[in-house]
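A.B. asks: Provided herewith is a single structure, encoded as structure tokens, for subsequent inquiry.
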Amino acid sequence: MDKRLLEILVCPICKGKLRLVGSGGDMQLVCRGDRLAYPITDGIPIMLPEDARTLSPDDPLCST
């Protein structure tokens with residue numbers, strides 16, 4: 001994913017910073033504040049809250 005794009009993308013709910021996790025075809029943008037993981041499909045971030053996966057409090061993605 002383009003670093004410039006990552007710098008301007010924010011969580012659509014809280015407007016917080018997102019972290020890129022994963023590699024290759026299994027990447028996600030994670031909002032630790034809302035505990036949501038937004039999928040990246042074919043290099044395109046899907047930033048719809050209804051498509052985000054809710055992370056449990058003990059999910060390792062919340063602490064990375």
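Starting from 1 in every chain, residues are counted up; chains themselves are A, B, ... following the order of the structure tokens, and ligands are numbered from 1 as listed.
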May I have all residues of chain A that DSSP, computed from the backbone, assigns to alpha helix (DSSP H), given as a list in words?

C.D. replies: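 Of chain A, only Lys3, Arg4, Leu5, Leu6, Glu7 and Ile8 of chain A fall in alpha helix (DSSP H).
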
A.B. asks: Leaving out Ile40 in chain A and any residue of its chain fewer than 5 positions from it, which residues lie within 9 Å of it when counting only C-alpha atoms, given as a PyMOL selection string?

C.D. replies: chain A and resi 25-29+45-47

A.B. asks: Selection from above, all heavy atoms, as a short mmCIF file (atom, residue, chain, number, x, y, z; two decimals), in the first residue's frame, can you write it?

C.D. replies:
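Result file follows (again.cif):
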data_model
loop_
_atom_site.label_atom_id
_atom_site.label_comp_id
_atom_site.auth_asym_id
_atom_site.auth_seq_id
_atom_site.Cartn_x
_atom_site.Cartn_y
_atom_site.Cartn_z
N GLY A 25 -1.41 -10.47 0.20
CA GLY A 25 -2.84 -10.33 -0.06
C GLY A 25 -3.69 -10.34 1.20
O GLY A 25 -4.90 -10.29 1.13
N ASP A 26 -3.05 -10.41 2.38
CA ASP A 26 -3.80 -10.46 3.64
C ASP A 26 -3.46 -9.26 4.51
O ASP A 26 -2.93 -9.38 5.60
CB ASP A 26 -3.47 -11.77 4.38
CG ASP A 26 -4.33 -11.96 5.60
OD1 ASP A 26 -5.49 -11.50 5.60
OD2 ASP A 26 -3.84 -12.56 6.58
N MET A 27 -3.75 -8.06 3.99
CA MET A 27 -3.46 -6.83 4.73
C MET A 27 -4.77 -6.23 5.23
O MET A 27 -5.82 -6.38 4.62
CB MET A 27 -2.71 -5.84 3.87
CG MET A 27 -1.33 -6.32 3.50
SD MET A 27 -0.23 -5.08 2.80
CE MET A 27 -1.21 -4.26 1.61
N GLN A 28 -4.65 -5.51 6.37
CA GLN A 28 -5.78 -4.84 6.97
C GLN A 28 -5.32 -3.52 7.55
O GLN A 28 -4.14 -3.37 7.89
CB GLN A 28 -6.36 -5.67 8.11
CG GLN A 28 -6.78 -7.07 7.72
CD GLN A 28 -7.18 -7.85 8.94
OE1 GLN A 28 -8.21 -7.58 9.54
NE2 GLN A 28 -6.38 -8.82 9.32
N LEU A 29 -6.24 -2.59 7.68
CA LEU A 29 -5.97 -1.35 8.39
C LEU A 29 -6.68 -1.46 9.73
O LEU A 29 -7.89 -1.71 9.78
CB LEU A 29 -6.50 -0.15 7.60
CG LEU A 29 -5.72 0.15 6.32
CD1 LEU A 29 -6.45 1.21 5.49
CD2 LEU A 29 -4.31 0.61 6.63
N PRO A 45 -8.37 -0.12 0.13
CA PRO A 45 -8.91 -0.19 1.49
C PRO A 45 -10.43 -0.03 1.47
O PRO A 45 -10.96 0.87 0.82
CB PRO A 45 -8.26 0.98 2.22
CG PRO A 45 -7.38 1.66 1.26
CD PRO A 45 -7.54 1.04 -0.08
N ILE A 46 -11.12 -0.93 2.15
CA ILE A 46 -12.58 -0.87 2.26
C ILE A 46 -12.89 -0.21 3.61
O ILE A 46 -12.81 -0.84 4.65
CB ILE A 46 -13.20 -2.28 2.17
CG1 ILE A 46 -12.67 -3.05 0.96
CG2 ILE A 46 -14.72 -2.19 2.18
CD1 ILE A 46 -12.95 -2.39 -0.37
N MET A 47 -13.21 1.08 3.55
CA MET A 47 -13.32 1.87 4.77
C MET A 47 -14.76 2.04 5.26
O MET A 47 -15.09 3.01 5.92
CB MET A 47 -12.69 3.26 4.53
CG MET A 47 -11.24 3.20 4.11
SD MET A 47 -10.18 2.38 5.31
CE MET A 47 -10.35 3.48 6.68
#

A.B. asks: Please identify all polymer residues within 10 Å of Arg53 in chain A, counting only C-alpha atoms, omitting same-chain residues fewer than 2 positions from it, and present them as a list in words.

C.D. replies: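 Surrounding residues, per the criterion: Gln28, Val30, Arg35, Leu36, Ala37, Tyr38, Pro39, Pro49, Glu50, Asp51, Leu55 and Ser56 of chain A.
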
A.B. asks: If you keep C-alpha atoms, can you produce a file of those selected residues as a PDB file, in the first residue's frame?

C.D. replies:
ATOM      1  CA  GLN A  28      -5.785  -4.840   6.968  1.00  0.00           C
ATOM      2  CA  VAL A  30      -6.484  -1.476  12.147  1.00  0.00           C
ATOM      3  CA  ARG A  35     -10.921  -2.203  17.829  1.00  0.00           C
ATOM      4  CA  LEU A  36     -11.823  -2.491  14.132  1.00  0.00           C
ATOM      5  CA  ALA A  37      -9.934  -4.053  11.223  1.00  0.00           C
ATOM      6  CA  TYR A  38     -10.751  -2.700   7.774  1.00  0.00           C
ATOM      7  CA  PRO A  39      -9.995  -5.112   4.916  1.00  0.00           C
ATOM      8  CA  PRO A  49     -17.703   0.539   9.129  1.00  0.00           C
ATOM      9  CA  GLU A  50     -20.196  -2.212   8.282  1.00  0.00           C
ATOM     10  CA  ASP A  51     -17.435  -4.124   6.438  1.00  0.00           C
ATOM     11  CA  LEU A  55     -11.480  -7.190  17.238  1.00  0.00           C
ATOM     12  CA  SER A  56     -11.673  -8.680  20.699  1.00  0.00           C
TER      13      SER A  56
END

A.B. asks: Using only C-alpha atoms, determine which residues lie at most 12 Å from Gly33 in chain A, disregarding the query and same-chain residues fewer than 2 positions distant; provide the list as number ranges by chain.

C.D. replies: A: 10-19, 30-31, 35-37, 54-57, 61-63

A.B. asks: Dump C-alpha atoms for the selected residues as a PDB file, in the first residue's frame?

C.D. replies:
ATOM      1  CA  VAL A  10      -8.123   7.744   9.122  1.00  0.00           C
ATOM      2  CA  CYS A  11     -10.762   5.657  10.839  1.00  0.00           C
ATOM      3  CA  PRO A  12     -14.155   6.756   9.485  1.00  0.00           C
ATOM      4  CA  ILE A  13     -15.670   6.478  12.977  1.00  0.00           C
ATOM      5  CA  CYS A  14     -13.209   8.178  15.340  1.00  0.00           C
ATOM      6  CA  LYS A  15     -10.890   9.842  12.780  1.00  0.00           C
ATOM      7  CA  GLY A  16      -7.960   8.146  14.532  1.00  0.00           C
ATOM      8  CA  LYS A  17      -4.742   6.876  13.007  1.00  0.00           C
ATOM      9  CA  LEU A  18      -4.809   3.495  11.281  1.00  0.00           C
ATOM     10  CA  ARG A  19      -2.043   0.886  11.343  1.00  0.00           C
ATOM     11  CA  VAL A  30      -6.484  -1.476  12.147  1.00  0.00           C
ATOM     12  CA  CYS A  31      -7.987   1.182  14.401  1.00  0.00           C
ATOM     13  CA  ARG A  35     -10.921  -2.203  17.829  1.00  0.00           C
ATOM     14  CA  LEU A  36     -11.823  -2.491  14.132  1.00  0.00           C
ATOM     15  CA  ALA A  37      -9.934  -4.053  11.223  1.00  0.00           C
ATOM     16  CA  THR A  54     -14.554  -6.158  15.269  1.00  0.00           C
ATOM     17  CA  LEU A  55     -11.480  -7.190  17.238  1.00  0.00           C
ATOM     18  CA  SER A  56     -11.673  -8.680  20.699  1.00  0.00           C
ATOM     19  CA  PRO A  57      -9.827  -6.817  23.465  1.00  0.00           C
ATOM     20  CA  LEU A  61      -3.813  -6.775  16.349  1.00  0.00           C
ATOM     21  CA  CYS A  62      -4.977  -4.401  19.109  1.00  0.00           C
ATOM     22  CA  SER A  63      -1.516  -4.333  20.636  1.00  0.00           C
TER      23      SER A  63
END

A.B. asks: Can you work out the spacing between CA of Asp59 in chain A and CA of Asp42 in chain A in Å, to one decimal?

C.D. replies: 24.5 Å

A.B. asks: So which bits of chain A end up strand (DSSP E or B) when you DSSP the backbone, as number ranges by chain?

C.D. replies: A: 10, 17, 19-23, 26-31, 36-41, 44-45, 53-54

A.B. asks: Next, write the just-selected residues to a file, as a PDB file, in the first residue's frame, keeping N, CA, C and O atoms as the atom set.

C.D. replies:
ATOM      1  N   VAL A  10      -7.803   7.799   7.704  1.00  0.00           N
ATOM      2  CA  VAL A  10      -8.123   7.744   9.122  1.00  0.00           C
ATOM      3  C   VAL A  10      -9.350   6.866   9.307  1.00  0.00           C
ATOM      4  O   VAL A  10     -10.086   6.585   8.360  1.00  0.00           O
ATOM      5  N   LYS A  17      -5.778   7.440  13.873  1.00  0.00           N
ATOM      6  CA  LYS A  17      -4.742   6.876  13.007  1.00  0.00           C
ATOM      7  C   LYS A  17      -4.980   5.382  12.819  1.00  0.00           C
ATOM      8  O   LYS A  17      -5.408   4.683  13.721  1.00  0.00           O
ATOM      9  N   ARG A  19      -3.297   1.620  11.493  1.00  0.00           N
ATOM     10  CA  ARG A  19      -2.043   0.886  11.343  1.00  0.00           C
ATOM     11  C   ARG A  19      -2.225  -0.191  10.287  1.00  0.00           C
ATOM     12  O   ARG A  19      -3.225  -0.899  10.300  1.00  0.00           O
ATOM     13  N   LEU A  20      -1.254  -0.305   9.413  1.00  0.00           N
ATOM     14  CA  LEU A  20      -1.262  -1.336   8.384  1.00  0.00           C
ATOM     15  C   LEU A  20      -0.661  -2.599   8.979  1.00  0.00           C
ATOM     16  O   LEU A  20       0.461  -2.574   9.504  1.00  0.00           O
ATOM     17  N   VAL A  21      -1.410  -3.693   8.935  1.00  0.00           N
ATOM     18  CA  VAL A  21      -0.905  -4.975   9.438  1.00  0.00           C
ATOM     19  C   VAL A  21      -1.100  -6.037   8.367  1.00  0.00           C
ATOM     20  O   VAL A  21      -1.981  -5.934   7.523  1.00  0.00           O
ATOM     21  N   GLY A  22      -0.261  -7.053   8.414  1.00  0.00           N
ATOM     22  CA  GLY A  22      -0.343  -8.134   7.457  1.00  0.00           C
ATOM     23  C   GLY A  22       0.645  -7.929   6.321  1.00  0.00           C
ATOM     24  O   GLY A  22       1.435  -6.989   6.313  1.00  0.00           O
ATOM     25  N   SER A  23       0.593  -8.850   5.380  1.00  0.00           N
ATOM     26  CA  SER A  23       1.484  -8.760   4.227  1.00  0.00           C
ATOM     27  C   SER A  23       0.829  -9.434   3.032  1.00  0.00           C
ATOM     28  O   SER A  23      -0.101 -10.224   3.177  1.00  0.00           O
ATOM     29  N   ASP A  26      -3.051 -10.409   2.378  1.00  0.00           N
ATOM     30  CA  ASP A  26      -3.800 -10.464   3.639  1.00  0.00           C
ATOM     31  C   ASP A  26      -3.460  -9.256   4.506  1.00  0.00           C
ATOM     32  O   ASP A  26      -2.930  -9.384   5.603  1.00  0.00           O
ATOM     33  N   MET A  27      -3.751  -8.057   3.989  1.00  0.00           N
ATOM     34  CA  MET A  27      -3.465  -6.833   4.735  1.00  0.00           C
ATOM     35  C   MET A  27      -4.771  -6.225   5.234  1.00  0.00           C
ATOM     36  O   MET A  27      -5.821  -6.384   4.620  1.00  0.00           O
ATOM     37  N   GLN A  28      -4.646  -5.513   6.367  1.00  0.00           N
ATOM     38  CA  GLN A  28      -5.785  -4.840   6.968  1.00  0.00           C
ATOM     39  C   GLN A  28      -5.316  -3.520   7.548  1.00  0.00           C
ATOM     40  O   GLN A  28      -4.144  -3.366   7.892  1.00  0.00           O
ATOM     41  N   LEU A  29      -6.242  -2.586   7.675  1.00  0.00           N
ATOM     42  CA  LEU A  29      -5.972  -1.348   8.389  1.00  0.00           C
ATOM     43  C   LEU A  29      -6.683  -1.456   9.729  1.00  0.00           C
ATOM     44  O   LEU A  29      -7.888  -1.714   9.783  1.00  0.00           O
ATOM     45  N   VAL A  30      -5.940  -1.262  10.811  1.00  0.00           N
ATOM     46  CA  VAL A  30      -6.484  -1.476  12.147  1.00  0.00           C
ATOM     47  C   VAL A  30      -6.591  -0.153  12.899  1.00  0.00           C
ATOM     48  O   VAL A  30      -5.634   0.625  12.947  1.00  0.00           O
ATOM     49  N   CYS A  31      -7.765   0.067  13.479  1.00  0.00           N
ATOM     50  CA  CYS A  31      -7.987   1.182  14.401  1.00  0.00           C
ATOM     51  C   CYS A  31      -7.997   0.573  15.795  1.00  0.00           C
ATOM     52  O   CYS A  31      -8.934  -0.141  16.162  1.00  0.00           O
ATOM     53  N   LEU A  36     -11.277  -2.090  15.428  1.00  0.00           N
ATOM     54  CA  LEU A  36     -11.823  -2.491  14.132  1.00  0.00           C
ATOM     55  C   LEU A  36     -10.691  -2.752  13.151  1.00  0.00           C
ATOM     56  O   LEU A  36      -9.667  -2.061  13.169  1.00  0.00           O
ATOM     57  N   ALA A  37     -10.889  -3.745  12.285  1.00  0.00           N
ATOM     58  CA  ALA A  37      -9.934  -4.053  11.223  1.00  0.00           C
ATOM     59  C   ALA A  37     -10.650  -3.899   9.894  1.00  0.00           C
ATOM     60  O   ALA A  37     -11.630  -4.597   9.620  1.00  0.00           O
ATOM     61  N   TYR A  38     -10.172  -2.961   9.088  1.00  0.00           N
ATOM     62  CA  TYR A  38     -10.751  -2.700   7.774  1.00  0.00           C
ATOM     63  C   TYR A  38      -9.983  -3.512   6.733  1.00  0.00           C
ATOM     64  O   TYR A  38      -8.756  -3.441   6.676  1.00  0.00           O
ATOM     65  N   PRO A  39     -10.685  -4.280   5.902  1.00  0.00           N
ATOM     66  CA  PRO A  39      -9.995  -5.112   4.916  1.00  0.00           C
ATOM     67  C   PRO A  39      -9.416  -4.286   3.769  1.00  0.00           C
ATOM     68  O   PRO A  39      -9.885  -3.185   3.474  1.00  0.00           O
ATOM     69  N   ILE A  40      -8.397  -4.843   3.153  1.00  0.00           N
ATOM     70  CA  ILE A  40      -7.835  -4.276   1.927  1.00  0.00           C
ATOM     71  C   ILE A  40      -8.030  -5.341   0.856  1.00  0.00           C
ATOM     72  O   ILE A  40      -7.513  -6.449   0.973  1.00  0.00           O
ATOM     73  N   THR A  41      -8.816  -5.013  -0.155  1.00  0.00           N
ATOM     74  CA  THR A  41      -9.150  -5.950  -1.220  1.00  0.00           C
ATOM     75  C   THR A  41      -8.548  -5.473  -2.531  1.00  0.00           C
ATOM     76  O   THR A  41      -8.837  -4.357  -2.967  1.00  0.00           O
ATOM     77  N   ILE A  44      -7.149  -2.076  -2.436  1.00  0.00           N
ATOM     78  CA  ILE A  44      -8.068  -0.969  -2.155  1.00  0.00           C
ATOM     79  C   ILE A  44      -8.612  -1.113  -0.734  1.00  0.00           C
ATOM     80  O   ILE A  44      -9.246  -2.116  -0.413  1.00  0.00           O
ATOM     81  N   PRO A  45      -8.366  -0.119   0.135  1.00  0.00           N
ATOM     82  CA  PRO A  45      -8.909  -0.191   1.486  1.00  0.00           C
ATOM     83  C   PRO A  45     -10.433  -0.030   1.466  1.00  0.00           C
ATOM     84  O   PRO A  45     -10.956   0.874   0.821  1.00  0.00           O
ATOM     85  N   ARG A  53     -14.098  -5.638  10.607  1.00  0.00           N
ATOM     86  CA  ARG A  53     -14.178  -6.761  11.532  1.00  0.00           C
ATOM     87  C   ARG A  53     -13.891  -6.235  12.929  1.00  0.00           C
ATOM     88  O   ARG A  53     -12.905  -5.531  13.155  1.00  0.00           O
ATOM     89  N   THR A  54     -14.759  -6.569  13.885  1.00  0.00           N
ATOM     90  CA  THR A  54     -14.554  -6.158  15.269  1.00  0.00           C
ATOM     91  C   THR A  54     -13.514  -7.068  15.917  1.00  0.00           C
ATOM     92  O   THR A  54     -13.595  -8.290  15.809  1.00  0.00           O
TER      93      THR A  54
END
